[in-house]
file input.txt (compact mmCIF, C-alpha atoms)
# COMPACT_ATOMS: atom_id res chain seq x y z
CA MET A 1 -49.48 -167.10 -3.94
CA THR A 2 -48.92 -170.72 -4.95
CA ASP A 3 -48.85 -172.14 -8.45
CA VAL A 4 -50.87 -175.23 -9.25
CA ASP A 5 -47.71 -177.27 -9.67
CA GLY A 6 -46.25 -175.99 -6.41
CA ALA A 7 -43.59 -173.89 -8.08
CA GLY A 8 -45.01 -170.68 -6.69
CA LEU A 9 -46.11 -167.46 -8.32
CA ARG A 10 -44.22 -164.22 -8.22
CA GLY A 11 -47.31 -162.34 -7.20
CA ALA A 12 -48.70 -160.26 -4.40
CA SER A 13 -52.02 -159.78 -2.71
CA PRO A 14 -54.15 -156.99 -4.17
CA VAL A 15 -53.77 -153.56 -2.56
CA PRO A 16 -55.45 -150.24 -3.42
CA VAL A 17 -53.55 -148.76 -6.36
CA VAL A 18 -53.86 -146.00 -8.93
CA LEU A 19 -53.10 -147.10 -12.50
CA GLY A 20 -52.26 -144.56 -15.18
CA PRO A 21 -52.79 -142.03 -16.55
CA VAL A 22 -52.90 -143.42 -20.08
CA VAL A 23 -54.02 -141.13 -22.89
CA THR A 24 -56.20 -142.62 -25.62
CA GLY A 25 -57.56 -140.34 -28.31
CA ALA A 26 -58.63 -137.16 -26.52
CA HIS A 27 -59.16 -138.85 -23.13
CA ARG A 28 -56.95 -139.23 -20.07
CA VAL A 29 -57.78 -142.54 -18.37
CA VAL A 30 -56.98 -143.49 -14.76
CA VAL A 31 -58.08 -146.57 -12.81
CA ARG A 32 -58.33 -145.92 -9.07
CA PRO A 33 -60.28 -146.85 -5.90
CA GLY A 34 -63.73 -145.36 -5.45
CA ARG A 35 -64.25 -142.33 -3.18
CA PHE A 36 -67.29 -141.16 -1.26
CA ASP A 37 -67.46 -137.97 -3.31
CA ASP A 38 -67.83 -139.99 -6.55
CA HIS A 39 -71.49 -140.53 -5.71
CA PRO A 40 -73.15 -137.68 -7.67
CA ARG A 41 -71.40 -138.65 -10.90
CA TRP A 42 -71.97 -142.40 -10.32
CA ARG A 43 -75.68 -141.85 -9.74
CA GLU A 44 -76.02 -139.56 -12.75
CA LEU A 45 -74.46 -142.05 -15.17
CA ARG A 46 -76.19 -145.11 -13.79
CA LEU A 47 -79.64 -143.53 -13.86
CA ARG A 48 -79.09 -142.15 -17.37
CA ASP A 49 -77.86 -145.49 -18.71
CA ARG A 50 -80.33 -147.65 -16.78
CA ALA A 51 -81.74 -149.30 -19.91
CA LEU A 52 -78.24 -150.44 -20.90
CA ILE A 53 -77.05 -151.59 -17.46
CA GLU A 54 -80.00 -152.95 -15.47
CA PRO A 55 -80.87 -155.94 -17.72
CA PHE A 56 -77.36 -157.32 -17.16
CA TRP A 57 -76.82 -156.29 -13.53
CA SER A 58 -77.37 -158.39 -10.42
CA ARG A 59 -80.96 -158.64 -9.28
CA SER A 60 -82.16 -156.62 -6.28
CA ALA A 61 -85.38 -156.03 -4.34
CA LEU A 62 -84.62 -152.28 -4.46
CA THR A 63 -85.77 -150.05 -7.28
CA TRP A 64 -83.11 -148.70 -9.63
CA ASP A 65 -83.39 -145.28 -8.00
CA GLU A 66 -83.07 -146.76 -4.49
CA ARG A 67 -79.99 -148.73 -5.54
CA HIS A 68 -78.21 -145.47 -6.36
CA ARG A 69 -78.81 -143.42 -3.26
CA ARG A 70 -75.80 -142.03 -1.44
CA ASN A 71 -75.86 -144.61 1.35
CA GLU A 72 -75.71 -147.41 -1.26
CA TRP A 73 -72.62 -145.85 -2.83
CA VAL A 74 -70.96 -145.49 0.58
CA ARG A 75 -71.73 -149.16 1.19
CA GLU A 76 -70.17 -150.07 -2.15
CA VAL A 77 -66.99 -148.10 -1.40
CA LEU A 78 -66.66 -149.72 2.03
CA ASP A 79 -67.30 -153.20 0.65
CA SER A 80 -64.68 -152.57 -2.04
CA ARG A 81 -62.10 -151.79 0.62
CA ARG A 82 -63.06 -154.92 2.54
CA HIS A 83 -62.81 -157.14 -0.53
CA ILE A 84 -59.36 -155.74 -1.36
CA ALA A 85 -58.19 -156.33 2.21
CA SER A 86 -59.42 -159.94 2.02
CA GLY A 87 -57.38 -160.53 -1.13
CA ARG A 88 -60.46 -161.75 -3.02
CA ALA A 89 -61.08 -158.79 -5.30
CA LEU A 90 -59.74 -155.55 -6.72
CA PRO A 91 -62.70 -153.23 -7.50
CA CYS A 92 -61.90 -149.86 -9.08
CA VAL A 93 -63.55 -146.92 -10.77
CA ILE A 94 -62.65 -145.66 -14.23
CA ASP A 95 -61.67 -142.00 -14.10
CA VAL A 96 -61.81 -140.22 -17.47
CA ASP A 97 -60.61 -136.63 -17.69
CA GLY A 98 -60.89 -136.25 -13.91
CA ALA A 99 -64.39 -137.66 -13.37
CA LEU A 100 -65.86 -141.12 -12.73
CA ALA A 101 -66.95 -142.71 -16.02
CA GLY A 102 -67.50 -146.33 -15.05
CA GLN A 103 -66.27 -149.20 -12.89
CA VAL A 104 -64.02 -152.18 -13.52
CA ALA A 105 -63.24 -154.99 -11.09
CA LEU A 106 -61.36 -158.23 -10.71
CA THR A 107 -63.26 -160.60 -8.44
CA ALA A 108 -63.11 -164.26 -7.40
CA ILE A 109 -59.31 -163.96 -7.27
CA ASP A 110 -58.00 -167.51 -6.78
CA THR A 111 -54.41 -167.57 -5.59
CA VAL A 112 -54.02 -171.32 -6.14
CA THR A 113 -55.02 -171.56 -9.79
CA ALA A 114 -54.13 -167.92 -10.57
CA THR A 115 -57.52 -167.03 -12.05
CA ALA A 116 -59.91 -164.12 -11.59
CA GLU A 117 -63.24 -162.85 -12.93
CA LEU A 118 -63.65 -159.53 -14.71
CA GLY A 119 -66.59 -157.15 -14.73
CA ILE A 120 -67.00 -153.65 -16.22
CA TRP A 121 -69.51 -150.96 -17.14
CA ILE A 122 -68.74 -147.67 -18.87
CA ASP A 123 -70.48 -144.38 -19.67
CA SER A 124 -72.44 -145.07 -22.88
CA ARG A 125 -71.14 -141.85 -24.42
CA LEU A 126 -67.65 -143.39 -24.39
CA GLY A 127 -68.72 -146.44 -26.35
CA ARG A 128 -66.30 -147.47 -29.12
CA SER A 129 -63.80 -144.84 -27.94
CA GLY A 130 -61.32 -147.47 -26.76
CA VAL A 131 -61.56 -146.16 -23.17
CA ALA A 132 -63.21 -149.32 -21.83
CA THR A 133 -60.53 -151.60 -23.30
CA VAL A 134 -57.71 -149.34 -22.07
CA ALA A 135 -59.18 -149.23 -18.54
CA THR A 136 -59.75 -152.98 -18.55
CA GLY A 137 -56.27 -153.44 -19.92
CA MET A 138 -54.62 -151.48 -17.13
CA LEU A 139 -56.31 -153.60 -14.46
CA VAL A 140 -55.73 -156.90 -16.26
CA ASP A 141 -52.10 -156.08 -17.04
CA HIS A 142 -51.57 -155.19 -13.37
CA ALA A 143 -53.10 -158.52 -12.40
CA PHE A 144 -50.92 -160.44 -14.84
CA SER A 145 -47.65 -158.71 -13.97
CA THR A 146 -48.00 -157.96 -10.25
CA LEU A 147 -50.67 -160.25 -8.80
CA GLY A 148 -49.48 -163.33 -10.65
CA ILE A 149 -52.84 -163.97 -12.32
CA ARG A 150 -52.58 -166.16 -15.42
CA ARG A 151 -56.17 -166.32 -16.66
CA VAL A 152 -59.07 -163.84 -16.56
CA VAL A 153 -62.65 -165.01 -17.12
CA ALA A 154 -65.30 -162.45 -18.09
CA PRO A 155 -68.88 -163.79 -17.73
CA ALA A 156 -71.41 -161.97 -19.93
CA ALA A 157 -75.10 -162.65 -20.45
CA THR A 158 -75.62 -164.41 -23.77
CA ASP A 159 -77.90 -161.62 -25.01
CA ASN A 160 -75.42 -158.88 -24.09
CA ALA A 161 -74.20 -158.25 -27.63
CA PRO A 162 -72.08 -155.15 -26.81
CA ALA A 163 -70.15 -157.11 -24.16
CA ALA A 164 -69.55 -159.95 -26.62
CA ARG A 165 -68.24 -157.58 -29.29
CA ALA A 166 -65.99 -155.77 -26.82
CA SER A 167 -64.61 -159.05 -25.45
CA ALA A 168 -63.84 -160.38 -28.91
CA ARG A 169 -62.15 -157.12 -29.99
CA ALA A 170 -59.96 -157.22 -26.88
CA GLY A 171 -58.75 -160.73 -27.67
CA PHE A 172 -60.90 -162.79 -25.31
CA HIS A 173 -62.23 -166.11 -26.64
CA ARG A 174 -65.58 -167.66 -25.75
CA ALA A 175 -64.78 -170.80 -23.78
CA ALA A 176 -68.26 -172.04 -22.84
CA THR A 177 -71.88 -171.12 -22.27
CA LEU A 178 -73.57 -171.84 -18.95
CA PRO A 179 -77.39 -172.05 -19.05
CA GLY A 180 -77.52 -170.67 -15.53
CA TRP A 181 -74.83 -168.49 -13.98
CA ALA A 182 -76.42 -165.77 -11.87
CA PRO A 183 -79.73 -163.97 -11.31
CA THR A 184 -79.62 -160.93 -13.57
CA GLY A 185 -82.03 -158.07 -14.13
CA GLY A 186 -85.54 -159.29 -13.43
CA HIS A 187 -84.75 -162.96 -14.07
CA ASP A 188 -84.03 -165.84 -11.70
CA VAL A 189 -81.04 -167.16 -13.64
CA VAL A 190 -79.60 -166.09 -16.97
CA ALA A 191 -77.36 -167.97 -19.40
CA HIS A 192 -73.87 -166.52 -19.57
CA ASP A 193 -70.98 -166.92 -21.97
CA LEU A 194 -67.56 -167.25 -20.36
CA TRP A 195 -64.99 -165.14 -22.22
CA VAL A 196 -61.38 -166.03 -21.39
CA LEU A 197 -58.03 -164.27 -21.75
CA ASP A 198 -54.71 -165.92 -20.86
CA ARG A 199 -51.59 -164.01 -19.98
CA ASP A 200 -49.69 -165.87 -22.71
CA ASP A 201 -52.15 -164.59 -25.33
CA LEU A 202 -50.83 -161.04 -25.03
CA GLY A 203 -47.79 -159.47 -26.60
CA PRO A 204 -45.54 -156.64 -25.31
CA GLY A 205 -47.54 -153.91 -23.66
CA GLY A 206 -50.36 -156.27 -22.77
CA LEU A 207 -54.05 -155.52 -23.07
CA THR A 208 -53.57 -151.79 -22.49
CA THR A 209 -51.60 -151.52 -25.70
CA VAL A 210 -54.29 -153.52 -27.53
CA GLY A 211 -56.80 -150.88 -26.40
CA LEU A 212 -54.61 -147.98 -27.46
CA ARG A 213 -54.05 -149.43 -30.92
CA MET A 214 -57.79 -149.70 -31.51
CA THR A 215 -57.81 -145.94 -32.09
CA ASP A 216 -54.15 -145.42 -33.03
CA PRO A 217 -52.48 -148.42 -34.73
CA THR A 218 -49.07 -146.75 -34.33
CA ALA A 219 -49.33 -146.26 -30.55
CA ASP A 220 -46.29 -147.29 -28.54
CA ALA A 221 -46.48 -150.20 -26.12
CA VAL A 222 -47.29 -149.17 -22.54
CA ASP A 223 -45.68 -150.46 -19.35
CA VAL A 224 -48.57 -150.26 -16.88
CA GLU A 225 -46.40 -151.11 -13.88
CA ALA A 226 -44.34 -147.99 -14.55
CA LEU A 227 -47.60 -146.04 -14.21
CA THR A 228 -48.72 -147.77 -10.99
CA ARG A 229 -48.59 -146.17 -7.57
CA PRO A 230 -50.14 -146.88 -4.16
CA ALA A 231 -53.51 -145.21 -3.58
CA ARG A 232 -53.20 -142.54 -0.93
CA GLY A 233 -56.07 -141.59 1.31
CA HIS A 234 -58.28 -144.48 0.17
CA ALA A 235 -59.42 -144.95 3.78
CA THR A 236 -60.21 -141.28 4.41
CA VAL A 237 -62.70 -140.61 7.19
CA PRO A 238 -65.98 -139.28 5.73
CA HIS A 239 -66.40 -135.51 6.00
CA ARG A 240 -70.12 -135.32 5.27
CA PHE A 241 -72.62 -136.08 8.01
CA ASP A 242 -74.72 -138.33 5.76
CA ASP A 243 -71.61 -140.28 4.76
CA ALA A 244 -70.73 -140.78 8.43
CA VAL A 245 -74.25 -142.04 9.10
CA ALA A 246 -74.01 -144.43 6.15
CA VAL A 247 -70.66 -145.73 7.42
CA ALA A 248 -72.16 -146.37 10.85
CA ARG A 249 -75.20 -148.12 9.37
CA HIS A 250 -72.94 -150.27 7.22
CA GLY A 251 -70.97 -151.35 10.27
CA LEU A 252 -74.15 -152.28 12.14
CA GLY A 253 -75.42 -154.20 9.13
CA ARG A 254 -72.19 -156.19 8.92
CA ALA A 255 -72.45 -156.98 12.63
CA ARG A 256 -76.03 -158.20 12.22
CA THR A 257 -74.96 -160.41 9.32
CA ARG A 258 -72.18 -161.97 11.39
CA VAL A 259 -74.61 -162.67 14.24
CA ARG A 260 -77.16 -164.20 11.85
CA ARG A 261 -74.51 -166.44 10.31
CA MET A 262 -73.72 -167.79 13.77
CA GLY A 263 -77.21 -169.25 13.97
CA PRO A 264 -78.47 -172.32 12.11
CA PRO A 265 -80.10 -171.94 8.70
CA PRO A 266 -83.86 -172.60 8.44
CA MET A 267 -83.26 -176.25 7.56
CA PRO A 268 -84.20 -179.45 9.47
CA ALA A 269 -81.64 -180.57 12.04
CA ASP A 270 -82.10 -184.24 11.11
CA LEU A 271 -83.57 -186.04 8.12
CA ASP A 272 -84.18 -189.71 7.35
CA VAL A 273 -83.27 -190.59 3.76
CA ALA A 274 -86.23 -192.72 2.69
CA GLY A 275 -85.48 -196.27 1.59
CA THR A 276 -81.76 -196.09 2.30
CA GLY A 277 -81.16 -196.57 6.03
CA LEU A 278 -79.14 -193.33 5.99
CA ARG A 279 -79.76 -190.28 8.15
CA LEU A 280 -78.76 -186.67 7.59
CA ARG A 281 -77.49 -184.67 10.56
CA ARG A 282 -76.93 -180.95 10.16
CA ARG A 283 -73.64 -179.58 11.41
CA ARG A 284 -73.18 -176.10 12.84
CA VAL A 285 -70.79 -174.13 10.63
CA LEU A 286 -69.81 -170.51 10.21
CA THR A 287 -67.95 -170.47 6.92
CA ALA A 288 -67.58 -172.54 3.79
CA PRO A 289 -63.98 -173.68 4.52
CA MET A 290 -65.39 -175.79 7.35
CA VAL A 291 -66.50 -178.36 4.78
CA SER A 292 -62.86 -179.22 4.14
CA ALA A 293 -62.31 -180.14 7.80
CA ARG A 294 -63.45 -183.73 7.26
CA SER A 295 -62.30 -187.28 7.77
CA ALA A 296 -59.53 -188.38 5.45
CA THR A 297 -61.75 -191.28 4.34
CA LEU A 298 -64.07 -188.90 2.45
CA ASP A 299 -63.29 -188.04 -1.18
CA ASP A 300 -64.60 -184.94 -2.93
CA LEU A 301 -66.93 -185.82 -5.80
CA CYS A 302 -68.75 -182.53 -6.42
CA GLY A 303 -67.55 -178.99 -5.71
CA PRO A 304 -68.40 -175.31 -6.22
CA ILE A 305 -68.00 -173.97 -9.74
CA ARG A 306 -66.11 -170.92 -8.53
CA SER A 307 -63.64 -170.44 -5.72
CA GLY A 308 -64.23 -167.16 -3.89
CA ALA A 309 -67.05 -166.09 -6.15
CA TRP A 310 -67.89 -162.41 -6.69
CA PHE A 311 -70.93 -162.51 -4.44
CA ASP A 312 -70.97 -162.30 -0.67
CA THR A 313 -72.75 -165.02 1.23
CA ASP A 314 -75.56 -163.56 3.31
CA ASP A 315 -76.51 -166.63 5.33
CA ALA A 316 -74.77 -169.47 7.13
CA ASP A 317 -73.58 -172.28 4.93
CA VAL A 318 -75.44 -175.58 5.19
CA VAL A 319 -73.55 -178.79 5.95
CA TYR A 320 -75.09 -182.22 6.56
CA GLU A 321 -73.24 -185.35 7.59
CA VAL A 322 -74.59 -188.50 5.96
CA ARG A 323 -74.72 -191.11 8.71
CA ASP A 324 -75.04 -194.90 8.60
CA THR A 325 -75.85 -195.73 12.23
CA HIS A 326 -72.81 -194.20 13.98
CA THR A 327 -70.55 -193.89 10.97
CA THR A 328 -70.17 -190.86 8.68
CA VAL A 329 -70.23 -192.05 5.08
CA GLY A 330 -70.55 -188.70 3.36
CA ARG A 331 -71.05 -184.97 3.62
CA ILE A 332 -73.36 -182.68 1.65
CA ALA A 333 -72.82 -178.93 1.79
CA LEU A 334 -74.34 -175.82 0.28
CA VAL A 335 -71.70 -173.10 0.20
CA GLY A 336 -71.81 -169.50 -0.90
CA VAL A 337 -75.46 -169.41 0.15
CA ASN A 338 -76.96 -166.13 -1.02
CA ARG A 339 -80.64 -166.02 -0.12
CA SER A 340 -81.15 -162.46 -1.35
CA GLN A 341 -79.98 -163.52 -4.84
CA GLY A 342 -81.43 -167.02 -4.49
CA PHE A 343 -78.48 -169.26 -5.29
CA ALA A 344 -75.84 -171.51 -3.76
CA GLU A 345 -73.25 -174.07 -4.82
CA LEU A 346 -73.13 -177.74 -3.92
CA ALA A 347 -70.19 -179.68 -2.49
CA VAL A 348 -70.35 -183.45 -1.84
CA SER A 349 -67.82 -185.77 -0.22
CA VAL A 350 -68.34 -189.55 0.01
CA ASP A 351 -66.59 -192.53 1.58
CA ARG A 352 -66.08 -194.62 -1.56
CA SER A 353 -65.45 -197.76 0.47
CA ALA A 354 -68.73 -197.64 2.43
CA ALA A 355 -71.26 -200.17 1.11
CA SER A 356 -74.13 -197.97 2.28
CA ALA A 357 -72.85 -195.01 0.25
CA SER A 358 -74.22 -196.21 -3.06
CA ASP A 359 -74.95 -193.78 -5.88
CA ARG A 360 -78.67 -194.26 -5.35
CA ALA A 361 -78.51 -193.67 -1.59
CA ILE A 362 -76.25 -190.63 -1.72
CA GLY A 363 -78.19 -189.29 -4.71
CA GLN A 364 -81.41 -189.49 -2.71
CA ALA A 365 -79.75 -187.77 0.25
CA ILE A 366 -78.66 -184.90 -2.02
CA ARG A 367 -82.18 -184.67 -3.46
CA ASP A 368 -83.58 -184.31 0.06
CA VAL A 369 -81.14 -181.53 0.97
CA LEU A 370 -81.77 -179.65 -2.29
CA GLY A 371 -85.54 -179.98 -1.96
CA HIS A 372 -85.54 -178.51 1.55
CA ALA A 373 -83.11 -175.76 0.49
CA MET A 374 -85.31 -174.71 -2.42
CA SER A 375 -88.39 -174.48 -0.21
CA ALA A 376 -87.09 -173.39 3.22
CA MET A 377 -84.39 -171.01 1.93
CA SER A 378 -86.20 -169.87 -1.24
CA LEU A 379 -83.20 -170.77 -3.39
CA ARG A 380 -83.72 -170.56 -7.15
CA ARG A 381 -80.46 -171.98 -8.43
CA ILE A 382 -77.98 -174.60 -7.13
CA SER A 383 -74.96 -175.66 -9.19
CA THR A 384 -71.94 -177.89 -8.87
CA ALA A 385 -68.94 -179.09 -10.88
CA VAL A 386 -67.31 -182.50 -11.26
CA LEU A 387 -64.19 -183.61 -13.06
CA ARG A 388 -64.96 -185.45 -16.30
CA SER A 389 -62.38 -188.06 -15.30
CA ASP A 390 -64.40 -188.91 -12.16
CA VAL A 391 -67.09 -191.15 -13.65
CA ARG A 392 -68.75 -191.82 -10.32
CA ALA A 393 -69.12 -188.11 -9.61
CA GLY A 394 -71.08 -187.71 -12.84
CA ARG A 395 -73.32 -190.65 -11.99
CA LEU A 396 -73.92 -189.17 -8.55
CA ALA A 397 -74.90 -185.76 -9.95
CA ASP A 398 -77.32 -187.49 -12.30
CA ALA A 399 -78.76 -189.62 -9.49
CA ALA A 400 -79.31 -186.44 -7.45
CA GLY A 401 -81.54 -185.03 -10.19
CA LEU A 402 -79.16 -182.32 -11.41
CA HIS A 403 -78.98 -181.51 -15.13
CA HIS A 404 -75.76 -181.55 -17.12
CA GLU A 405 -75.25 -178.07 -18.55
CA THR A 406 -71.83 -177.66 -20.12
CA SER A 407 -68.15 -178.62 -20.09
CA LEU A 408 -65.35 -176.27 -19.08
CA ASP A 409 -61.60 -176.16 -18.99
CA GLY A 410 -60.88 -176.64 -15.30
CA ALA A 411 -58.78 -173.46 -15.27
CA ASP A 412 -61.90 -171.44 -16.10
CA CYS A 413 -63.43 -172.28 -12.75
CA GLY A 414 -60.54 -172.56 -10.34
CA ARG A 415 -59.41 -176.15 -11.00
CA ALA A 416 -55.79 -177.06 -11.52
CA ALA A 417 -56.30 -179.14 -14.65
CA GLY A 418 -58.72 -181.31 -16.55
CA THR A 419 -62.19 -180.89 -18.00
CA VAL A 420 -64.98 -179.95 -15.60
CA GLU A 421 -68.63 -180.87 -16.13
CA VAL A 422 -71.13 -178.34 -14.78
CA TRP A 423 -74.44 -179.58 -13.35
CA GLY A 424 -77.28 -177.36 -12.19
CA LEU A 425 -80.74 -177.30 -10.72
CA SER A 426 -83.17 -174.38 -11.05
CA ALA A 427 -86.57 -173.75 -9.55
CA THR A 428 -87.86 -172.57 -12.93
CA GLY A 429 -87.75 -174.07 -16.40
CA ASP A 430 -87.15 -177.74 -17.10
CA ALA A 431 -84.72 -178.32 -14.24
CA THR A 432 -86.91 -178.59 -11.17
CA VAL A 433 -86.68 -180.43 -7.90

call {"tool": "encode", "arguments": {"input": "input.txt", "output": "structure tokens"}}
result
Amino acid sequence: MTDVDGAGLRGASPVPVVLGPVVTGAHRVVVRPGRFDDHPRWRELRLRDRALIEPFWSRSALTWDERHRRNEWVREVLDSRRHIASGRALPCVIDVDGALAGQVALTAIDTVTATAELGIWIDSRLGRSGVATVATGMLVDHAFSTLGIRRVVAPAATDNAPAARASARAGFHRAATLPGWAPTGGHDVVAHDLWVLDRDDLGPGGLTTVGLRMTDPTADAVDVEALTRPARGHATVPHRFDDAVAVARHGLGRARTRVRRMGPPPMPADLDVAGTGLRLRRRRVLTAPMVSARSATLDDLCGPIRSGAWFDTDDADVVYEVRDTHTTVGRIALVGVNRSQGFAELAVSVDRSAASASDRAIGQAIRDVLGHAMSAMSLRRISTAVLRSDVRAGRLADAAGLHHETSLDGADCGRAAGTVEVWGLSATGDATV
């Protein structure tokens, strides 16, 4: 891992671990990887607490019951292993008194800026018991001490009052509110508050000790790393026939996704930008990092809000070169394209020295790309971020028809330093193409 100033972090890539046990009140809490045989308990809790979870969970075309069938849990366990292996996430289950009682995960792990996102749900019967904060604390303390993470950001829907209260009690502070963050429940996009916790905000014993002292103010500080051990058997071969079938189906589904991503997205190969003399030419790409393989004459003006966001892309990224005759004067990309959820993030690079790359011309080119993406790819939400110090980038976002939404500390969204302005475009509400 590399620090933003190049000094380097004393961290490691995430690996499957077991954290704990830590005893709080009458409960023994362990944070560990999910197992195939957790399914019955997972389904029971999620169906029982549907009214509390579904309004704030990611949107899906499946019914709540369908989302909790055994094959969906097997898929979730396998995806968790894959995300850990990629170094982008550390998803875990919360084990209370020997049984699954919730899930907690660090996602969007950024090894350059040392940030990560946090998400959690817990059995409603354990509300206000301190278990959720202790479980969160074990994972966050592990991230701070072992993975080298310095800042954790916990997005929560603005109307999720229990999450807000829990975040505030744990010491997080509300850094900003984004009008559109992710499709949640039955909605296209939902405003989210970003709750932030820095490593330097915590005292001895970290967040785990904060959780323990909610129920016992005299509790001793806890060293989570002393209670950390490698997870054994996390890649166990399934023993049930239906689990084996689900594993096979998951593998085939991943293969189909890879094949689909090799093909072009349903976007025009070439577009004339009306009234500008510019032409858009779609490039064939497989992954988002391809947008960084560009001419040194192009400067980044707009970029994704999040690096390595929690969601998986499920379609090929879209990249257009902006051409003036035979010269490339810019590049417009949609990265993290997720058609099933209906959102993507915008990245724009421009040759500042090119006379044809005016704000009006590039802004119109971006409008054309976004308009086709909204219609051809059924996207509902496209967002981007620009540094406040880059005045031209702000003008360009405005010229493209995006709406200014909020300001963030750059560290909250994977930037090294500075204030970031968030711009967005939605297919519903006031912000429309």

call {"tool": "closest_residue", "arguments": {"input": "input.txt", "among": "A:Thr228, A:Ser86, A:Ser340, A:Ser124", "to": "Ala51 of chain A", "atoms": "all atoms listed in the file"}}
result
A:Ser124

call {"tool": "closest_residue", "arguments": {"input": "input.txt", "among": "A:Glu405, A:Asp95, A:Glu117, A:Glu321", "to": "Pro21 of chain A", "atoms": "all atoms listed in the file"}}
result
A:Asp95

call {"tool": "residues_around", "arguments": {"input": "input.txt", "residues": "segment 270-280 of chain A", "least_positions_apart": "2", "cutoff": "8 Å", "atoms": "all atoms listed in the file", "output": "number ranges by chain"}}
result
A: 268, 282, 320-325, 356, 361, 364-365, 368

call {"tool": "write_last_selection", "arguments": {"input": "input.txt", "atoms": "C-alpha atoms", "output": "mmCIF file, in the coordinates of the input"}}
result
data_model
loop_
_atom_site.group_PDB
_atom_site.id
_atom_site.type_symbol
_atom_site.label_atom_id
_atom_site.label_comp_id
_atom_site.auth_asym_id
_atom_site.auth_seq_id
_atom_site.Cartn_x
_atom_site.Cartn_y
_atom_site.Cartn_z
ATOM 1 C CA PRO A 268 -84.200 -179.450 9.470
ATOM 2 C CA ARG A 282 -76.930 -180.950 10.160
ATOM 3 C CA TYR A 320 -75.090 -182.220 6.560
ATOM 4 C CA GLU A 321 -73.240 -185.350 7.590
ATOM 5 C CA VAL A 322 -74.590 -188.500 5.960
ATOM 6 C CA ARG A 323 -74.720 -191.110 8.710
ATOM 7 C CA ASP A 324 -75.040 -194.900 8.600
ATOM 8 C CA THR A 325 -75.850 -195.730 12.230
ATOM 9 C CA SER A 356 -74.130 -197.970 2.280
ATOM 10 C CA ALA A 361 -78.510 -193.670 -1.590
ATOM 11 C CA GLN A 364 -81.410 -189.490 -2.710
ATOM 12 C CA ALA A 365 -79.750 -187.770 0.250
ATOM 13 C CA ASP A 368 -83.580 -184.310 0.060
#

call {"tool": "closest_residue", "arguments": {"input": "input.txt", "among": "A:Gly98, A:Pro162, A:Gly171, A:Pro16", "to": "Trp121 of chain A", "atoms": "only C-alpha atoms"}}
result
A:Pro162

call {"tool": "closest_residue", "arguments": {"input": "input.txt", "among": "A:Leu298, A:Leu402, A:Leu118, A:Ala347", "to": "Ile149 of chain A", "atoms": "all atoms listed in the file"}}
result
A:Leu118
